[in-house]
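Next comes query_35.cif, a file with mmCIF, C-alpha atoms.
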data_input
#
loop_
_atom_site.label_atom_id
_atom_site.label_comp_id
_atom_site.auth_asym_id
_atom_site.auth_seq_id
_atom_site.Cartn_x
_atom_site.Cartn_y
_atom_site.Cartn_z
CA MET N 1 -75.27 -24.85 43.36
CA ALA N 2 -74.21 -21.30 42.49
CA PRO N 3 -71.31 -20.99 40.01
CA LYS N 4 -69.06 -19.32 42.61
CA ALA N 5 -69.71 -22.07 45.16
CA ALA N 6 -69.12 -24.75 42.55
CA GLY N 7 -65.78 -23.18 41.65
CA SER N 8 -64.75 -23.09 45.29
CA CYS N 9 -65.65 -26.76 45.71
CA LEU N 10 -63.62 -27.69 42.63
CA LEU N 11 -60.57 -25.85 43.94
CA LEU N 12 -60.95 -27.53 47.32
CA ALA N 13 -61.25 -30.92 45.66
CA LEU N 14 -58.02 -30.37 43.77
CA LEU N 15 -56.21 -29.61 47.00
CA LEU N 16 -57.55 -32.59 48.96
CA GLY N 17 -55.93 -35.98 49.26
CA VAL N 18 -57.63 -39.35 49.14
CA HIS N 19 -58.98 -39.13 52.70
CA GLY N 20 -60.13 -35.52 52.55
CA ALA N 21 -56.97 -34.11 54.15
CA PRO N 22 -55.09 -31.28 52.41
CA ALA N 23 -52.92 -32.71 49.66
CA GLU N 24 -49.22 -32.77 50.52
CA ASP N 25 -47.08 -30.50 48.36
CA LEU N 26 -44.66 -31.95 45.87
CA ILE N 27 -41.43 -30.12 46.67
CA VAL N 28 -39.00 -29.06 43.95
CA GLY N 29 -35.68 -27.71 45.23
CA ALA N 30 -33.20 -25.42 43.49
CA SER N 31 -30.02 -23.59 44.40
CA LEU N 32 -29.52 -20.47 42.25
CA PRO N 33 -26.97 -17.64 42.03
CA LEU N 34 -29.27 -14.83 43.16
CA SER N 35 -26.30 -12.78 44.36
CA GLY N 36 -22.60 -12.63 43.48
CA PRO N 37 -21.10 -12.34 39.98
CA LEU N 38 -23.60 -14.74 38.40
CA ALA N 39 -26.72 -13.09 39.83
CA SER N 40 -27.82 -11.87 36.41
CA PHE N 41 -28.15 -15.50 35.30
CA GLY N 42 -29.88 -16.62 38.48
CA ALA N 43 -32.59 -13.97 38.30
CA PHE N 44 -33.66 -15.17 34.87
CA GLN N 45 -33.54 -18.82 35.94
CA ARG N 46 -35.69 -18.12 38.95
CA TRP N 47 -38.34 -16.52 36.76
CA GLY N 48 -38.32 -19.49 34.37
CA TYR N 49 -38.64 -22.05 37.16
CA GLU N 50 -41.35 -20.09 38.96
CA ARG N 51 -43.39 -19.62 35.80
CA ALA N 52 -43.39 -23.33 34.97
CA VAL N 53 -44.46 -24.23 38.52
CA ALA N 54 -47.16 -21.54 38.58
CA GLU N 55 -48.60 -22.85 35.31
CA ILE N 56 -48.90 -26.42 36.53
CA ASN N 57 -50.45 -25.29 39.80
CA ARG N 58 -53.05 -23.23 37.93
CA ALA N 59 -53.90 -26.44 36.07
CA GLY N 60 -54.47 -28.24 39.39
CA GLY N 61 -51.01 -29.57 40.20
CA VAL N 62 -49.67 -33.06 39.48
CA THR N 63 -51.51 -36.34 39.96
CA VAL N 64 -49.49 -38.60 42.23
CA SER N 65 -50.88 -41.78 43.77
CA GLN N 66 -54.34 -40.90 42.39
CA ALA N 67 -54.40 -37.49 44.12
CA ARG N 68 -53.87 -34.04 42.62
CA ARG N 69 -51.03 -32.39 44.49
CA PRO N 70 -49.74 -28.80 44.28
CA VAL N 71 -46.09 -28.19 43.53
CA ARG N 72 -43.98 -26.04 45.85
CA LEU N 73 -40.70 -24.59 44.60
CA LEU N 74 -38.01 -23.98 47.24
CA ILE N 75 -35.10 -21.80 46.09
CA ARG N 76 -31.94 -21.10 48.04
CA ASP N 77 -29.34 -18.49 47.07
CA ASP N 78 -25.90 -20.01 46.44
CA ARG N 79 -24.29 -16.58 46.04
CA SER N 80 -22.37 -17.86 42.97
CA ASP N 81 -20.33 -20.13 45.26
CA ALA N 82 -19.96 -23.82 44.36
CA ASN N 83 -19.40 -24.81 47.98
CA LEU N 84 -22.65 -23.14 48.97
CA VAL N 85 -24.47 -24.95 46.14
CA SER N 86 -23.49 -28.27 47.70
CA ASN N 87 -24.62 -27.11 51.14
CA ASN N 88 -27.90 -25.80 49.73
CA ILE N 89 -28.73 -29.06 47.97
CA GLU N 90 -27.93 -31.06 51.11
CA THR N 91 -30.26 -28.79 53.09
CA LEU N 92 -33.02 -28.99 50.51
CA LEU N 93 -32.89 -32.78 50.50
CA SER N 94 -32.16 -33.58 54.13
CA ARG N 95 -34.08 -30.87 55.96
CA GLU N 96 -36.61 -29.31 53.61
CA GLY N 97 -38.03 -32.41 51.95
CA ALA N 98 -37.20 -31.72 48.30
CA GLN N 99 -38.18 -34.75 46.21
CA VAL N 100 -36.72 -33.56 42.90
CA LEU N 101 -34.28 -30.83 41.90
CA LEU N 102 -33.56 -28.14 39.34
CA GLY N 103 -30.03 -26.93 38.63
CA SER N 104 -28.00 -23.77 39.15
CA CYS N 105 -26.00 -22.00 36.40
CA THR N 106 -22.52 -22.46 34.87
CA PRO N 107 -20.57 -25.73 35.13
CA ALA N 108 -18.92 -25.01 38.48
CA LEU N 109 -22.27 -24.44 40.20
CA VAL N 110 -24.39 -26.98 38.33
CA ASN N 111 -21.87 -29.79 38.74
CA ALA N 112 -21.43 -29.12 42.46
CA GLY N 113 -25.15 -29.53 43.07
CA ALA N 114 -25.46 -32.41 40.63
CA LEU N 115 -22.90 -34.47 42.51
CA VAL N 116 -24.96 -34.13 45.69
CA ALA N 117 -28.14 -35.10 43.82
CA GLU N 118 -26.35 -38.10 42.38
CA ARG N 119 -25.12 -39.19 45.78
CA HIS N 120 -28.65 -39.02 47.19
CA ARG N 121 -30.11 -40.63 44.02
CA VAL N 122 -32.55 -37.77 43.55
CA PRO N 123 -33.51 -36.72 40.00
CA MET N 124 -32.27 -33.31 38.84
CA VAL N 125 -32.96 -31.57 35.54
CA THR N 126 -30.86 -28.56 34.63
CA GLY N 127 -29.77 -26.26 31.85
CA CYS N 128 -26.82 -23.87 31.90
CA ASP N 129 -24.11 -26.55 31.79
CA PRO N 130 -22.38 -27.05 28.41
CA HIS N 131 -21.96 -30.58 27.12
CA ARG N 132 -18.27 -31.28 27.73
CA ALA N 133 -18.27 -29.64 31.14
CA PHE N 134 -21.23 -31.82 32.11
CA VAL N 135 -20.30 -35.23 30.75
CA SER N 136 -16.63 -35.00 31.78
CA VAL N 137 -17.53 -35.10 35.49
CA ARG N 138 -18.91 -38.65 35.59
CA ALA N 139 -21.40 -41.03 33.99
CA TRP N 140 -24.61 -39.53 35.33
CA LYS N 141 -27.54 -41.65 36.50
CA TYR N 142 -29.90 -39.15 38.13
CA VAL N 143 -28.91 -35.81 36.58
CA TRP N 144 -30.09 -34.56 33.18
CA ASP N 145 -28.92 -31.51 31.24
CA LEU N 146 -30.37 -29.58 28.32
CA PHE N 147 -27.97 -27.00 26.87
CA PHE N 148 -25.50 -26.44 24.05
CA ASP N 149 -22.31 -28.20 23.01
CA GLU N 150 -19.13 -26.13 23.50
CA ALA N 151 -17.86 -27.11 20.04
CA ASP N 152 -20.96 -25.59 18.42
CA LEU N 153 -20.63 -22.42 20.49
CA ALA N 154 -16.92 -22.01 19.78
CA ALA N 155 -17.42 -22.45 16.03
CA ALA N 156 -20.37 -20.04 15.73
CA PRO N 157 -18.41 -16.75 15.45
CA PHE N 158 -16.04 -18.26 12.88
CA GLU N 159 -19.01 -19.45 10.84
CA ALA N 160 -20.73 -16.07 11.14
CA LEU N 161 -17.63 -14.21 9.93
CA ALA N 162 -17.09 -16.67 7.06
CA ALA N 163 -20.71 -16.35 5.95
CA ALA N 164 -20.47 -12.54 5.99
CA GLY N 165 -17.18 -12.55 4.07
CA VAL N 166 -15.59 -9.89 6.28
CA ALA N 167 -12.00 -8.73 5.74
CA THR N 168 -9.57 -8.74 8.69
CA ASN N 169 -5.83 -9.28 9.20
CA ARG N 170 -6.84 -12.70 10.56
CA LYS N 171 -4.95 -12.18 13.83
CA LEU N 172 -6.91 -13.33 16.87
CA ALA N 173 -6.41 -12.57 20.57
CA ASP N 174 -7.88 -15.17 22.93
CA LEU N 175 -8.68 -14.24 26.55
CA HIS N 176 -10.58 -16.59 28.86
CA ASP N 177 -11.19 -17.33 32.51
CA ASN N 178 -9.82 -20.49 34.09
CA GLY N 179 -13.25 -21.90 34.94
CA PRO N 180 -14.40 -25.19 33.36
CA ASP N 181 -16.13 -23.65 30.33
CA GLY N 182 -13.49 -20.95 29.87
CA GLN N 183 -10.74 -23.55 29.69
CA VAL N 184 -12.66 -25.66 27.17
CA VAL N 185 -13.88 -22.86 24.88
CA GLY N 186 -11.00 -20.42 25.16
CA GLY N 187 -8.17 -22.72 26.16
CA GLN N 188 -8.84 -25.58 23.76
CA LEU N 189 -11.48 -25.01 21.09
CA TRP N 190 -10.77 -21.47 19.90
CA PRO N 191 -7.08 -22.13 19.16
CA GLN N 192 -7.98 -25.30 17.27
CA LEU N 193 -10.76 -23.62 15.30
CA ALA N 194 -8.63 -20.56 14.51
CA GLN N 195 -6.18 -22.76 12.67
CA ARG N 196 -8.97 -24.59 10.86
CA TYR N 197 -10.56 -21.32 9.67
CA GLY N 198 -7.25 -19.77 8.62
CA TYR N 199 -6.59 -17.44 11.57
CA THR N 200 -3.43 -16.93 13.58
CA VAL N 201 -3.69 -16.83 17.37
CA ALA N 202 -1.55 -13.75 18.03
CA MET N 203 -1.83 -14.08 21.81
CA THR N 204 -3.69 -16.04 24.43
CA GLY N 205 -4.19 -15.36 28.11
CA SER N 206 -6.18 -16.81 30.99
CA PHE N 207 -7.21 -15.24 34.28
CA PRO N 208 -8.95 -16.22 37.54
CA VAL N 209 -12.74 -16.10 37.59
CA ASP N 210 -12.59 -13.24 40.10
CA ALA N 211 -10.02 -11.10 38.23
CA THR N 212 -10.86 -7.41 37.72
CA GLN N 213 -7.84 -5.98 35.92
CA PHE N 214 -6.94 -7.00 32.38
CA THR N 215 -4.72 -4.13 31.23
CA ALA N 216 -1.64 -6.30 30.58
CA GLN N 217 -3.53 -8.77 28.38
CA ILE N 218 -5.31 -5.98 26.52
CA ALA N 219 -2.02 -4.16 25.94
CA GLU N 220 -0.51 -7.33 24.48
CA ALA N 221 -3.48 -7.90 22.17
CA LYS N 222 -3.26 -4.31 21.00
CA ALA N 223 0.49 -4.55 20.45
CA LYS N 224 -0.07 -7.69 18.34
CA SER N 225 -2.59 -5.72 16.21
CA ALA N 226 -5.19 -8.46 16.59
CA ASP N 227 -8.28 -7.55 14.56
CA LEU N 228 -10.29 -10.18 16.43
CA LEU N 229 -10.69 -10.35 20.20
CA PHE N 230 -12.37 -13.47 21.61
CA VAL N 231 -13.25 -13.47 25.33
CA ASP N 232 -14.87 -16.04 27.62
CA ALA N 233 -15.70 -14.53 31.03
CA THR N 234 -18.48 -13.87 33.51
CA THR N 235 -20.67 -10.79 33.06
CA PRO N 236 -18.85 -8.52 35.57
CA GLN N 237 -15.53 -9.45 33.96
CA ALA N 238 -16.86 -8.98 30.43
CA VAL N 239 -18.13 -5.51 31.37
CA SER N 240 -14.78 -4.57 32.93
CA LEU N 241 -12.88 -5.94 29.95
CA ARG N 242 -14.95 -3.98 27.47
CA LYS N 243 -14.42 -0.75 29.41
CA GLN N 244 -10.68 -1.38 29.71
CA ILE N 245 -10.43 -2.20 26.00
CA ALA N 246 -11.95 1.17 25.17
CA ALA N 247 -9.76 2.98 27.73
CA ALA N 248 -6.67 1.41 26.15
CA GLY N 249 -7.61 2.75 22.73
CA TYR N 250 -7.77 -0.77 21.34
CA HIS N 251 -10.30 -1.11 18.52
CA PRO N 252 -10.56 -4.70 17.27
CA LYS N 253 -12.83 -5.13 14.27
CA VAL N 254 -14.51 -8.16 15.85
CA ILE N 255 -15.27 -8.63 19.56
CA VAL N 256 -16.72 -11.93 20.79
CA MET N 257 -17.63 -12.22 24.47
CA GLU N 258 -19.02 -15.60 25.36
CA LYS N 259 -20.99 -16.19 28.56
CA GLY N 260 -20.60 -12.69 29.99
CA ALA N 261 -22.32 -10.89 27.12
CA GLU N 262 -25.45 -13.04 27.29
CA PRO N 263 -27.56 -11.20 29.92
CA ALA N 264 -29.30 -7.90 29.25
CA GLN N 265 -27.28 -6.41 32.12
CA PHE N 266 -24.20 -6.54 29.87
CA ALA N 267 -25.71 -4.09 27.38
CA SER N 268 -27.60 -1.97 29.90
CA THR N 269 -24.39 -1.41 31.88
CA LEU N 270 -22.16 -0.70 28.88
CA GLY N 271 -24.53 1.29 26.67
CA THR N 272 -22.87 2.00 23.31
CA LEU N 273 -19.77 -0.01 24.27
CA ALA N 274 -21.88 -3.18 23.88
CA GLU N 275 -22.64 -2.31 20.26
CA GLY N 276 -21.34 -4.93 17.86
CA VAL N 277 -20.28 -7.50 20.48
CA LEU N 278 -20.98 -11.07 19.38
CA VAL N 279 -22.12 -13.86 21.69
CA GLY N 280 -23.35 -17.38 21.08
CA GLY N 281 -27.02 -18.08 21.66
CA TYR N 282 -29.11 -21.21 22.09
CA TRP N 283 -32.47 -19.42 22.14
CA ASP N 284 -34.24 -16.34 20.84
CA SER N 285 -37.92 -15.51 20.99
CA SER N 286 -37.98 -15.26 17.18
CA LEU N 287 -37.13 -18.95 16.76
CA PRO N 288 -40.03 -21.15 15.59
CA TYR N 289 -40.58 -22.96 18.86
CA PRO N 290 -44.05 -23.18 20.44
CA GLY N 291 -44.55 -20.53 23.09
CA ALA N 292 -41.16 -18.85 22.54
CA ARG N 293 -42.48 -15.41 21.69
CA GLU N 294 -45.17 -15.63 24.37
CA LEU N 295 -42.57 -16.52 27.01
CA MET N 296 -40.50 -13.41 26.26
CA THR N 297 -43.61 -11.23 26.11
CA ALA N 298 -44.67 -12.50 29.53
CA TYR N 299 -41.25 -11.85 31.04
CA VAL N 300 -41.05 -8.29 29.74
CA ALA N 301 -44.62 -7.57 30.87
CA GLU N 302 -43.94 -8.85 34.39
CA SER N 303 -40.43 -7.52 34.95
CA HIS N 304 -40.46 -4.38 32.77
CA GLN N 305 -36.93 -5.35 31.74
CA PRO N 306 -35.36 -6.93 28.64
CA GLY N 307 -35.38 -10.70 28.69
CA SER N 308 -32.65 -13.30 28.32
CA GLN N 309 -32.31 -16.73 26.79
CA HIS N 310 -31.89 -18.09 30.32
CA ILE N 311 -35.61 -17.73 30.93
CA ALA N 312 -36.10 -20.35 28.24
CA ASP N 313 -33.74 -23.19 29.20
CA SER N 314 -34.79 -22.87 32.85
CA TYR N 315 -38.49 -22.87 31.95
CA ALA N 316 -37.96 -25.88 29.66
CA ALA N 317 -35.96 -27.77 32.32
CA ALA N 318 -38.77 -27.26 34.83
CA LYS N 319 -41.40 -28.35 32.29
CA VAL N 320 -39.41 -31.52 31.58
CA LEU N 321 -39.13 -32.32 35.29
CA LEU N 322 -42.80 -31.64 35.99
CA ALA N 323 -43.86 -33.69 32.97
CA ALA N 324 -41.78 -36.60 34.27
CA LEU N 325 -43.42 -36.30 37.70
CA ALA N 326 -46.83 -36.50 36.04
CA ALA N 327 -45.79 -39.42 33.84
CA ALA N 328 -44.37 -41.36 36.78
CA GLY N 329 -47.47 -40.74 38.93
CA THR N 330 -45.39 -41.35 42.02
CA THR N 331 -42.69 -39.73 44.11
CA ASN N 332 -40.46 -42.78 43.76
CA ALA N 333 -37.10 -41.42 42.57
CA SER N 334 -36.32 -44.34 40.25
CA ALA N 335 -39.72 -44.08 38.55
CA ILE N 336 -39.32 -40.32 38.05
CA ASN N 337 -35.81 -40.84 36.72
CA ASP N 338 -37.05 -43.44 34.25
CA ALA N 339 -39.73 -40.99 33.09
CA ILE N 340 -37.10 -38.30 32.49
CA ALA N 341 -35.10 -40.79 30.43
CA ARG N 342 -38.16 -41.29 28.19
CA THR N 343 -38.63 -37.54 27.64
CA ASP N 344 -39.67 -36.58 24.13
CA LEU N 345 -41.12 -33.14 24.64
CA VAL N 346 -41.51 -30.16 22.33
CA THR N 347 -40.65 -27.09 24.39
CA VAL N 348 -39.87 -23.39 24.01
CA VAL N 349 -36.25 -24.40 23.25
CA GLY N 350 -37.26 -27.04 20.72
CA ARG N 351 -37.58 -30.79 21.01
CA VAL N 352 -35.96 -32.24 24.14
CA ARG N 353 -34.72 -35.83 24.07
CA PHE N 354 -31.83 -37.02 26.22
CA ASP N 355 -29.00 -39.14 24.88
CA ALA N 356 -27.10 -41.91 26.67
CA GLN N 357 -24.99 -39.27 28.44
CA HIS N 358 -28.15 -37.62 29.86
CA PHE N 359 -27.66 -34.60 27.60
CA ALA N 360 -30.13 -32.87 25.26
CA ARG N 361 -28.30 -30.72 22.72
CA LEU N 362 -29.70 -27.30 21.79
CA PRO N 363 -28.69 -25.74 18.44
CA ILE N 364 -26.54 -22.59 18.43
CA VAL N 365 -27.04 -19.25 16.71
CA SER N 366 -24.70 -16.25 16.68
CA LEU N 367 -26.12 -13.15 18.34
CA GLN N 368 -24.87 -9.58 18.12
CA TRP N 369 -25.73 -6.62 20.31
CA GLN N 370 -27.21 -3.88 18.15
CA LYS N 371 -28.91 -0.79 19.60
CA GLY N 372 -29.40 -2.36 23.03
CA ALA N 373 -30.87 -5.67 21.80
CA THR N 374 -29.52 -8.92 20.42
CA VAL N 375 -30.20 -9.92 16.83
CA ILE N 376 -29.43 -13.25 15.20
CA VAL N 377 -26.75 -12.73 12.54
CA TRP N 378 -26.04 -16.41 11.80
CA PRO N 379 -27.21 -18.78 10.39
CA ALA N 380 -29.01 -17.05 7.54
CA SER N 381 -32.04 -19.31 7.97
CA ALA N 382 -32.70 -17.84 11.41
CA ALA N 383 -31.23 -14.34 11.00
CA THR N 384 -33.15 -11.34 12.30
CA GLY N 385 -30.48 -8.83 11.28
CA LYS N 386 -27.21 -8.35 9.40
CA LEU N 387 -23.74 -8.56 10.92
CA LEU N 388 -22.49 -5.16 12.05
CA PHE N 389 -18.85 -4.95 10.89
CA PRO N 390 -16.48 -3.66 12.00
CA ALA N 391 -17.42 -3.30 15.66
CA PRO N 392 -17.73 0.40 16.56
#
Could you take the file, read its structure, and then write that structure out as structure tokens?
Amino acid sequence: MAPKAAGSCLLLALLLGVHGAPAEDLIVGASLPLSGPLASFGAFQRWGYERAVAEINRAGGVTVSQARRPVRLLIRDDRSDANLVSNNIETLLSREGAQVLLGSCTPALVNAGALVAERHRVPMVTGCDPHRAFVSVRAWKYVWDLFFDEADLAAAPFEALAAAGVATNRKLADLHDNGPDGQVVGGQLWPQLAQRYGYTVAMTGSFPVDATQFTAQIAEAKAKSADLLFVDATTPQAVSLRKQIAAAGYHPKVIVMEKGAEPAQFASTLGTLAEGVLVGGYWDSSLPYPGARELMTAYVAESHQPGSQHIADSYAAAKVLLAALAAAGTTNASAINDAIARTDLVTVVGRVRFDAQHFARLPIVSLQWQKGATVIVWPASAATGKLLFPAP
């Protein structure tokens, strides 16, 4: 048989079931914020999920019930709306035949979909949902999360500043949204940590997740002469805040912007105003994880845009789910769920093993925007650059 014909026969064989009929797709469903204020996160997640599925399909799919079956990824746009996440997951499960699920992004969206998955007893693996925001909802049975712990994230800028030995007036202004992670990080942890590290919280303020004007809070922080400004907000809000800070003539020596300053869109929109802004990170392509650098290289080559750490946790979540499907060898939800529970997988975000709360904790580094890119400035063992201080 000619090589080309043999290759065609092999491909056909991989796509056939036990009786010679085309193998039925294994359907993975996901609801993602592809529009709305969280679209910058969703675009990266989509790429990570799609890449993991494409890789396993190139390898012939997943063996289930002694037949190699291709994987089909169905993604619905939740438009950054938690109510729509719930509707999307119901549709994916009830009408579109999804057998397993991947999560959305941020606690409000992930938890909304996770509750539907839990009710249907369908396994879901997700990232993008910090520890406390995830485990506080309920004792999960079918949903699994790999991400960071809020306490680690909240402490990172304090540790970075202590390690660098910077001099400030030790007055801190704390601004945060009233979403689940904003309330935990900004409303609870930062005030506690400020006291522990010898800082005074000069002012604190919260705002709705759809707020656009922050002039009153900024004016108060400026009036209090706070050298440190800590913010937890979505990307559109973080961008608006940074512009309004500059317009107000407020020049804190340290600016931390959690969540909103993660995506590349933050820096590309702000230009030089992003310089020096700190943000917590759970992944960087320089970290010594297998395939980390290659993953970022692939993203940049395909998209012609700077990457984000969200390509990594989404890719890893999909790899964990697909590995569990293969290990279970069946579409039985309980068997797949048991396989996820046994996960011990080295991924692009490090080793993933879930604890009794269905959470796999990723270590935190402190990132800083410098010349349009993020560099690791803490801890020293992972640093790719030095802390820029004070912020321009």
| task | Identify which of the residues N:Ala154, N:Ala312, N:Leu229, N:Leu175 lies closest to Tyr299 in chain N, counting only C-alpha atoms when measuring atom-to-atom distances. | result |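 Of the candidates, the smallest distance to Tyr299 in chain N is held by N:Ala312.
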| request: Identify all residues satisfying the PyMOL selection byres ((chain N and resi 80-82) around 10) in the given file; provide them as a ChimeraX atom specification. | output: /N:31-39,41-42,77-79,83-88,104-113
Write out, as a PDB file, in the coordinates of the input, the residues just selected, with C-alpha atoms.
ATOM      1  CA  SER N  31     -30.020 -23.590  44.400  1.00  0.00           C
ATOM      2  CA  LEU N  32     -29.520 -20.470  42.250  1.00  0.00           C
ATOM      3  CA  PRO N  33     -26.970 -17.640  42.030  1.00  0.00           C
ATOM      4  CA  LEU N  34     -29.270 -14.830  43.160  1.00  0.00           C
ATOM      5  CA  SER N  35     -26.300 -12.780  44.360  1.00  0.00           C
ATOM      6  CA  GLY N  36     -22.600 -12.630  43.480  1.00  0.00           C
ATOM      7  CA  PRO N  37     -21.100 -12.340  39.980  1.00  0.00           C
ATOM      8  CA  LEU N  38     -23.600 -14.740  38.400  1.00  0.00           C
ATOM      9  CA  ALA N  39     -26.720 -13.090  39.830  1.00  0.00           C
ATOM     10  CA  PHE N  41     -28.150 -15.500  35.300  1.00  0.00           C
ATOM     11  CA  GLY N  42     -29.880 -16.620  38.480  1.00  0.00           C
ATOM     12  CA  ASP N  77     -29.340 -18.490  47.070  1.00  0.00           C
ATOM     13  CA  ASP N  78     -25.900 -20.010  46.440  1.00  0.00           C
ATOM     14  CA  ARG N  79     -24.290 -16.580  46.040  1.00  0.00           C
ATOM     15  CA  ASN N  83     -19.400 -24.810  47.980  1.00  0.00           C
ATOM     16  CA  LEU N  84     -22.650 -23.140  48.970  1.00  0.00           C
ATOM     17  CA  VAL N  85     -24.470 -24.950  46.140  1.00  0.00           C
ATOM     18  CA  SER N  86     -23.490 -28.270  47.700  1.00  0.00           C
ATOM     19  CA  ASN N  87     -24.620 -27.110  51.140  1.00  0.00           C
ATOM     20  CA  ASN N  88     -27.900 -25.800  49.730  1.00  0.00           C
ATOM     21  CA  SER N 104     -28.000 -23.770  39.150  1.00  0.00           C
ATOM     22  CA  CYS N 105     -26.000 -22.000  36.400  1.00  0.00           C
ATOM     23  CA  THR N 106     -22.520 -22.460  34.870  1.00  0.00           C
ATOM     24  CA  PRO N 107     -20.570 -25.730  35.130  1.00  0.00           C
ATOM     25  CA  ALA N 108     -18.920 -25.010  38.480  1.00  0.00           C
ATOM     26  CA  LEU N 109     -22.270 -24.440  40.200  1.00  0.00           C
ATOM     27  CA  VAL N 110     -24.390 -26.980  38.330  1.00  0.00           C
ATOM     28  CA  ASN N 111     -21.870 -29.790  38.740  1.00  0.00           C
ATOM     29  CA  ALA N 112     -21.430 -29.120  42.460  1.00  0.00           C
ATOM     30  CA  GLY N 113     -25.150 -29.530  43.070  1.00  0.00           C
TER      31      GLY N 113
END
| query | Using all atoms listed in the file, which of the listed residues (N:Arg138, N:His120, N:Lys253, N:Lys243) sits closest to Thr168 in chain N? | reply |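 Ranked by minimum distance to Thr168 in chain N, first place goes to N:Lys253.
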Report as a tab-separated table: every residue of range 137-228 of chain N with an atom at most 10 Å from range 379-382 of chain N, its closest pair of atoms, and their distance in Å to one decimal, counting only C-alpha atoms, with rows sorted by chain and ascending residue number.
residue	atom	partner	partner_atom	distance
N:Ala156	CA	N:Pro379	CA	8.8
N:Glu159	CA	N:Pro379	CA	8.2
N:Ala160	CA	N:Pro379	CA	7.1
N:Ala163	CA	N:Pro379	CA	8.2
N:Ala164	CA	N:Ala380	CA	9.8
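Picture a line from CA of Glu262 in chain N to CA of Ala318 in chain N; it runs 20.9 Å.
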| field | For Thr91 in chain N, the nearest of the candidates N:Pro70, N:Trp190, N:Ile245, N:Ala117, counting all atoms listed in the file | value |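 Between N:Pro70, N:Trp190, N:Ile245, N:Ala117, the residue approaching Thr91 in chain N most closely is N:Ala117.
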Please supply range 217-228 of chain N, rebuilt with N, CA and C atoms, as an mmCIF file, in the coordinates of the input.
data_model
loop_
_atom_site.group_PDB
_atom_site.id
_atom_site.type_symbol
_atom_site.label_atom_id
_atom_site.label_comp_id
_atom_site.auth_asym_id
_atom_site.auth_seq_id
_atom_site.Cartn_x
_atom_site.Cartn_y
_atom_site.Cartn_z
ATOM 1 N N GLN N 217 -3.090 -7.939 29.508
ATOM 2 C CA GLN N 217 -3.530 -8.770 28.380
ATOM 3 C C GLN N 217 -4.044 -7.910 27.228
ATOM 4 N N ILE N 218 -4.770 -6.865 27.560
ATOM 5 C CA ILE N 218 -5.310 -5.980 26.520
ATOM 6 C C ILE N 218 -4.162 -5.278 25.791
ATOM 7 N N ALA N 219 -3.162 -4.832 26.552
ATOM 8 C CA ALA N 219 -2.020 -4.160 25.940
ATOM 9 C C ALA N 219 -1.291 -5.096 24.973
ATOM 10 N N GLU N 220 -1.167 -6.366 25.355
ATOM 11 C CA GLU N 220 -0.510 -7.330 24.480
ATOM 12 C C GLU N 220 -1.314 -7.571 23.214
ATOM 13 N N ALA N 221 -2.635 -7.707 23.349
ATOM 14 C CA ALA N 221 -3.480 -7.900 22.170
ATOM 15 C C ALA N 221 -3.402 -6.714 21.234
ATOM 16 N N LYS N 222 -3.375 -5.525 21.812
ATOM 17 C CA LYS N 222 -3.260 -4.310 21.000
ATOM 18 C C LYS N 222 -1.909 -4.250 20.295
ATOM 19 N N ALA N 223 -0.849 -4.579 21.030
ATOM 20 C CA ALA N 223 0.490 -4.550 20.450
ATOM 21 C C ALA N 223 0.633 -5.554 19.306
ATOM 22 N N LYS N 224 -0.102 -6.671 19.401
ATOM 23 C CA LYS N 224 -0.070 -7.690 18.340
ATOM 24 C C LYS N 224 -0.955 -7.324 17.162
ATOM 25 N N SER N 225 -1.693 -6.194 17.282
ATOM 26 C CA SER N 225 -2.590 -5.720 16.210
ATOM 27 C C SER N 225 -3.643 -6.749 15.847
ATOM 28 N N ALA N 226 -4.167 -7.438 16.852
ATOM 29 C CA ALA N 226 -5.190 -8.460 16.590
ATOM 30 C C ALA N 226 -6.504 -7.797 16.209
ATOM 31 N N ASP N 227 -6.987 -8.076 15.015
ATOM 32 C CA ASP N 227 -8.280 -7.550 14.560
ATOM 33 C C ASP N 227 -9.456 -8.224 15.246
ATOM 34 N N LEU N 228 -9.219 -9.418 15.794
ATOM 35 C CA LEU N 228 -10.290 -10.180 16.430
ATOM 36 C C LEU N 228 -9.944 -10.429 17.890
#
